[in-house]
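Shown next: work02.txt, containing compact mmCIF, C-alpha atoms.
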```txt
# COMPACT_ATOMS: atom_id res chain seq x y z
CA MET L 1 -40.12 16.95 9.23
CA VAL L 2 -37.71 14.07 9.64
CA THR L 3 -38.97 11.16 11.71
CA ILE L 4 -37.01 9.03 14.14
CA TYR L 5 -37.37 6.16 11.67
CA GLN L 6 -35.75 8.22 8.90
CA TYR L 7 -32.83 9.17 11.18
CA PHE L 8 -32.44 5.53 12.17
CA LYS L 9 -32.51 4.39 8.53
CA GLN L 10 -29.92 7.03 7.65
CA TYR L 11 -27.76 6.01 10.60
CA LEU L 12 -27.92 2.37 9.44
CA LYS L 13 -26.63 3.43 6.02
CA TYR L 14 -23.94 5.49 7.72
CA PHE L 15 -23.07 2.40 9.76
CA VAL L 16 -22.76 0.24 6.62
CA VAL L 17 -20.53 2.80 4.91
CA GLY L 18 -18.54 3.24 8.11
CA SER L 19 -18.15 -0.52 8.42
CA LEU L 20 -16.63 -0.70 4.95
CA GLY L 21 -14.36 2.24 5.79
CA THR L 22 -13.45 0.52 9.06
CA LEU L 23 -12.51 -2.63 7.19
CA ILE L 24 -10.24 -0.56 4.95
CA ASN L 25 -8.85 1.16 8.06
CA LEU L 26 -8.10 -2.10 9.89
CA ILE L 27 -6.57 -3.84 6.86
CA VAL L 28 -4.26 -0.88 6.23
CA LEU L 29 -3.37 -0.70 9.94
CA TYR L 30 -2.59 -4.41 10.12
CA PHE L 31 -0.46 -4.51 6.98
CA SER L 32 1.30 -1.26 7.92
CA VAL L 33 2.31 -2.62 11.31
CA GLU L 34 2.79 -6.33 10.68
CA LEU L 35 4.22 -6.36 7.15
CA VAL L 36 5.78 -2.94 6.62
CA GLY L 37 6.88 -2.41 10.24
CA LEU L 38 5.44 1.07 10.68
CA PRO L 39 4.54 2.31 14.17
CA TYR L 40 0.92 1.53 15.09
CA LEU L 41 -0.01 5.23 15.40
CA PHE L 42 1.19 5.96 11.86
CA GLY L 43 -0.58 2.86 10.54
CA GLY L 44 -3.75 3.95 12.33
CA ALA L 45 -3.58 7.42 10.80
CA LEU L 46 -2.91 6.00 7.32
CA GLY L 47 -5.80 3.55 7.60
CA PHE L 48 -8.06 6.33 8.82
CA THR L 49 -7.15 8.57 5.88
CA LEU L 50 -7.88 5.91 3.25
CA GLY L 51 -11.12 4.91 4.97
CA VAL L 52 -12.30 8.54 5.14
CA THR L 53 -11.69 9.12 1.45
CA PHE L 54 -13.84 6.12 0.59
CA ASN L 55 -16.52 7.10 3.11
CA TYR L 56 -16.89 10.67 1.86
CA PHE L 57 -18.05 9.73 -1.60
CA LEU L 58 -20.33 6.90 -0.51
CA ASN L 59 -21.87 8.92 2.32
CA LYS L 60 -22.43 11.91 0.07
CA GLU L 61 -24.31 9.91 -2.56
CA TRP L 62 -26.01 7.13 -0.62
CA THR L 63 -26.33 8.00 3.07
CA PHE L 64 -27.10 11.71 2.93
CA TYR L 65 -28.66 11.79 -0.58
CA ASP L 66 -26.52 14.73 -1.60
CA LYS L 67 -26.59 14.61 -5.39
CA GLY L 68 -25.05 18.06 -5.85
CA SER L 69 -21.55 18.50 -7.11
CA VAL L 70 -18.66 18.25 -4.72
CA THR L 71 -17.99 21.75 -3.44
CA PHE L 72 -14.87 22.93 -1.72
CA LYS L 73 -16.95 24.18 1.23
CA GLN L 74 -18.60 20.80 1.76
CA TYR L 75 -15.40 18.84 1.28
CA ARG L 76 -13.62 21.18 3.70
CA ARG L 77 -16.33 20.56 6.29
CA TYR L 78 -16.02 16.83 5.76
CA LEU L 79 -12.27 17.07 6.27
CA TYR L 80 -12.73 19.13 9.44
CA VAL L 81 -15.01 16.48 10.89
CA SER L 82 -12.56 13.82 9.74
CA LEU L 83 -9.72 15.68 11.45
CA ILE L 84 -11.73 15.72 14.67
CA GLY L 85 -12.18 11.97 14.16
CA LEU L 86 -8.50 11.44 13.46
CA ILE L 87 -7.32 13.39 16.50
CA GLY L 88 -9.97 11.90 18.76
CA GLY L 89 -9.52 8.37 17.45
CA THR L 90 -5.74 8.46 17.56
CA SER L 91 -5.82 9.90 21.08
CA LEU L 92 -8.19 7.16 22.19
CA LEU L 93 -6.02 4.53 20.48
CA TYR L 94 -2.97 5.82 22.34
CA LEU L 95 -4.85 5.96 25.65
CA PHE L 96 -6.22 2.44 25.32
CA VAL L 97 -2.87 0.90 24.26
CA GLU L 98 -0.42 2.82 26.43
CA PHE L 99 -2.45 3.38 29.60
CA LEU L 100 -4.97 0.54 29.62
CA GLY L 101 -2.69 -2.05 28.00
CA LEU L 102 -5.25 -3.13 25.41
CA TRP L 103 -4.29 -4.77 22.10
CA TYR L 104 -3.87 -2.14 19.37
CA LEU L 105 -6.45 -3.64 16.98
CA PHE L 106 -9.10 -3.97 19.70
CA SER L 107 -8.29 -0.43 20.80
CA GLN L 108 -8.76 0.83 17.25
CA ILE L 109 -12.20 -0.81 17.02
CA ILE L 110 -13.33 0.87 20.25
CA SER L 111 -11.98 4.22 19.03
CA ILE L 112 -13.79 3.85 15.71
CA ILE L 113 -17.13 3.15 17.40
CA ILE L 114 -16.87 6.19 19.68
CA MET L 115 -15.73 8.58 16.99
CA GLY L 116 -18.23 7.12 14.51
CA ILE L 117 -21.14 8.32 16.62
CA VAL L 118 -19.61 11.78 17.01
CA SER L 119 -18.89 11.99 13.27
CA PHE L 120 -22.41 10.97 12.23
CA ILE L 121 -23.93 13.76 14.28
CA LEU L 122 -21.52 16.34 12.87
CA HIS L 123 -21.94 15.18 9.27
CA ARG L 124 -25.73 14.97 9.52
CA PHE L 125 -26.20 18.42 10.97
CA TRP L 126 -23.23 20.33 9.55
CA THR L 127 -21.42 18.75 6.58
CA PHE L 128 -24.47 17.52 4.66
CA LYS L 129 -27.15 19.80 6.09
CA ARG L 130 -29.82 20.88 3.66
```
As structure tokens, please, write out the structure in this file.
Amino acid sequence: MVTIYQYFKQYLKYFVVGSLGTLINLIVLYFSVELVGLPYLFGGALGFTLGVTFNYFLNKEWTFYDKGSVTFKQYRRYLYVSLIGLIGGTSLLYLFVEFLGLWYLFSQIISIIIMGIVSFILHRFWTFKR
């Protein structure tokens, strides 16, 4: 039986991995918008995609202790959860910028926090279930 402490410890690892992925996400977003001149929604989606790719491998090995080989079924599940995160996060980004008038980088941080909690639950109990 998994204890609350074990879930908390696992969530902290997920948070660390997610923080690194978030850093990748924000750097890509910033450079995409400010240096390349891409629209913020495209930059957000690009940053999300690169961050997710990094997060999958680190979460698989370190956070969820899944030492098995990468299977198409598991990777597909990870991508499904990531797609939920992309759609939800991009929708929240749009809502916060266009309707609430918040700065796009601040809006992205809020979106990442909200969708990070949703994603952890889905990955813990569906993608990497044992």
(request) Could you give me, as a ChimeraX atom specification, the residues within 10 Å of L:Thr22, counting only C-alpha atoms and dropping anything in the same chain fewer than 5 positions from it? (result) /L:15-17,27-28,47-48,50-52,55,108-109,112-113,116
(message) Show me the residues around (-4.8, 7.2, 15.6) - criterion: an atom at most 10 Å away, only C-alpha atoms counted - as a PyMOL selection string.
(response) chain L and resi 29+40-48+85-94+107-108+111-112
(request) Give me, please, the distance in Å between atom CA of L:Tyr75 and atom CA of L:Met115, quoted to one decimal. (result)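 That distance, rounded to one decimal, is 18.8 Å.
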(message) To one decimal place in Å, what is the distance between atom CA of L:Gln6 and atom CA of L:Asn25?
(response)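 Pair atom CA of L:Gln6 / atom CA of L:Asn25 returns 27.8 Å.
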(request) Please work out which residues fall within 10 Å of (-19.0, 11.5, 1.3), coordinates as given in the file, with only C-alpha atoms counting, and return them as a list of chain:residue names. (result)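 Every polymer residue passing the test: L:Val17, L:Val52, L:Thr53, L:Phe54, L:Asn55, L:Tyr56, L:Phe57, L:Leu58, L:Asn59, L:Lys60, L:Glu61, L:Trp62, L:Thr63, L:Phe64, L:Tyr65, L:Asp66, L:Val70, L:Gln74, L:Tyr75, L:Tyr78, L:His123, L:Thr127, L:Phe128.
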Would you pull stretch 38-85 of chain L out of the block just shown and save N, CA and C atoms as a compact mmCIF listing (two decimals), in the first residue's frame?
```txt
# COMPACT_ATOMS: atom_id res chain seq x y z
N LEU L 38 7.44 34.88 -33.54
CA LEU L 38 6.29 33.99 -33.69
C LEU L 38 5.16 34.46 -32.79
N PRO L 39 3.92 34.14 -33.14
CA PRO L 39 2.79 34.45 -32.24
C PRO L 39 2.95 33.71 -30.91
N TYR L 40 2.49 34.31 -29.82
CA TYR L 40 2.68 33.73 -28.50
C TYR L 40 2.04 32.36 -28.36
N LEU L 41 0.91 32.11 -29.02
CA LEU L 41 0.27 30.79 -28.91
C LEU L 41 1.12 29.71 -29.58
N PHE L 42 1.73 30.03 -30.71
CA PHE L 42 2.61 29.05 -31.36
C PHE L 42 3.86 28.82 -30.51
N GLY L 43 4.43 29.89 -29.99
CA GLY L 43 5.60 29.76 -29.11
C GLY L 43 5.28 28.94 -27.87
N GLY L 44 4.08 29.13 -27.33
CA GLY L 44 3.66 28.35 -26.16
C GLY L 44 3.53 26.88 -26.49
N ALA L 45 2.96 26.58 -27.64
CA ALA L 45 2.80 25.18 -28.06
C ALA L 45 4.16 24.53 -28.34
N LEU L 46 5.07 25.27 -28.95
CA LEU L 46 6.40 24.75 -29.24
C LEU L 46 7.17 24.49 -27.94
N GLY L 47 7.11 25.43 -27.03
CA GLY L 47 7.77 25.26 -25.73
C GLY L 47 7.20 24.07 -24.96
N PHE L 48 5.90 23.92 -25.02
CA PHE L 48 5.24 22.80 -24.37
C PHE L 48 5.73 21.47 -24.94
N THR L 49 5.80 21.38 -26.25
CA THR L 49 6.20 20.14 -26.91
C THR L 49 7.63 19.74 -26.53
N LEU L 50 8.55 20.68 -26.52
CA LEU L 50 9.93 20.36 -26.16
C LEU L 50 10.05 20.01 -24.68
N GLY L 51 9.30 20.70 -23.83
CA GLY L 51 9.31 20.39 -22.41
C GLY L 51 8.74 19.00 -22.12
N VAL L 52 7.68 18.63 -22.83
CA VAL L 52 7.05 17.32 -22.63
C VAL L 52 7.99 16.19 -23.03
N THR L 53 8.69 16.35 -24.11
CA THR L 53 9.63 15.32 -24.55
C THR L 53 10.70 15.07 -23.49
N PHE L 54 11.24 16.11 -22.95
CA PHE L 54 12.21 16.00 -21.86
C PHE L 54 11.58 15.33 -20.64
N ASN L 55 10.39 15.79 -20.27
CA ASN L 55 9.73 15.28 -19.07
C ASN L 55 9.39 13.80 -19.15
N TYR L 56 9.00 13.32 -20.32
CA TYR L 56 8.61 11.92 -20.44
C TYR L 56 9.73 11.00 -19.97
N PHE L 57 10.90 11.19 -20.50
CA PHE L 57 11.99 10.28 -20.19
C PHE L 57 12.43 10.39 -18.73
N LEU L 58 12.50 11.59 -18.21
CA LEU L 58 12.91 11.76 -16.81
C LEU L 58 11.83 11.26 -15.85
N ASN L 59 10.59 11.53 -16.14
CA ASN L 59 9.51 11.02 -15.28
C ASN L 59 9.44 9.50 -15.31
N LYS L 60 9.61 8.92 -16.47
CA LYS L 60 9.55 7.46 -16.60
C LYS L 60 10.60 6.80 -15.72
N GLU L 61 11.82 7.28 -15.79
CA GLU L 61 12.93 6.65 -15.07
C GLU L 61 13.00 7.05 -13.59
N TRP L 62 12.83 8.32 -13.30
CA TRP L 62 13.12 8.81 -11.95
C TRP L 62 11.87 8.97 -11.10
N THR L 63 10.85 9.61 -11.61
CA THR L 63 9.67 9.90 -10.81
C THR L 63 8.82 8.67 -10.56
N PHE L 64 8.52 7.94 -11.63
CA PHE L 64 7.59 6.81 -11.52
C PHE L 64 8.30 5.46 -11.49
N TYR L 65 9.62 5.45 -11.44
CA TYR L 65 10.43 4.23 -11.31
C TYR L 65 10.07 3.17 -12.33
N ASP L 66 9.76 3.59 -13.52
CA ASP L 66 9.38 2.64 -14.57
C ASP L 66 10.64 2.29 -15.36
N LYS L 67 11.23 1.15 -15.04
CA LYS L 67 12.49 0.76 -15.68
C LYS L 67 12.27 -0.12 -16.91
N GLY L 68 11.01 -0.40 -17.23
CA GLY L 68 10.72 -1.20 -18.42
C GLY L 68 11.02 -0.42 -19.69
N SER L 69 11.04 -1.14 -20.78
CA SER L 69 11.32 -0.47 -22.05
C SER L 69 10.15 0.44 -22.42
N VAL L 70 10.46 1.40 -23.24
CA VAL L 70 9.42 2.31 -23.72
C VAL L 70 8.51 1.52 -24.64
N THR L 71 7.22 1.47 -24.32
CA THR L 71 6.27 0.78 -25.17
C THR L 71 5.40 1.80 -25.89
N PHE L 72 4.90 1.40 -27.02
CA PHE L 72 4.05 2.31 -27.78
C PHE L 72 2.80 2.66 -26.97
N LYS L 73 2.24 1.68 -26.27
CA LYS L 73 1.04 1.91 -25.47
C LYS L 73 1.29 2.98 -24.40
N GLN L 74 2.40 2.84 -23.68
CA GLN L 74 2.71 3.80 -22.63
C GLN L 74 3.01 5.17 -23.21
N TYR L 75 3.79 5.22 -24.26
CA TYR L 75 4.12 6.50 -24.88
C TYR L 75 2.86 7.17 -25.43
N ARG L 76 1.97 6.38 -26.01
CA ARG L 76 0.70 6.91 -26.51
C ARG L 76 -0.12 7.52 -25.37
N ARG L 77 -0.16 6.82 -24.24
CA ARG L 77 -0.88 7.37 -23.08
C ARG L 77 -0.25 8.67 -22.61
N TYR L 78 1.08 8.70 -22.58
CA TYR L 78 1.77 9.92 -22.18
C TYR L 78 1.42 11.07 -23.12
N LEU L 79 1.39 10.76 -24.41
CA LEU L 79 1.04 11.80 -25.38
C LEU L 79 -0.40 12.25 -25.25
N TYR L 80 -1.30 11.33 -24.93
CA TYR L 80 -2.71 11.71 -24.71
C TYR L 80 -2.81 12.70 -23.54
N VAL L 81 -2.15 12.36 -22.45
CA VAL L 81 -2.18 13.26 -21.29
C VAL L 81 -1.52 14.59 -21.65
N SER L 82 -0.45 14.52 -22.41
CA SER L 82 0.22 15.74 -22.84
C SER L 82 -0.67 16.59 -23.75
N LEU L 83 -1.44 15.93 -24.60
CA LEU L 83 -2.38 16.65 -25.46
C LEU L 83 -3.45 17.35 -24.63
N ILE L 84 -3.94 16.66 -23.61
CA ILE L 84 -4.89 17.29 -22.68
C ILE L 84 -4.24 18.52 -22.06
N GLY L 85 -2.96 18.37 -21.66
CA GLY L 85 -2.23 19.49 -21.09
C GLY L 85 -2.02 20.63 -22.08
```
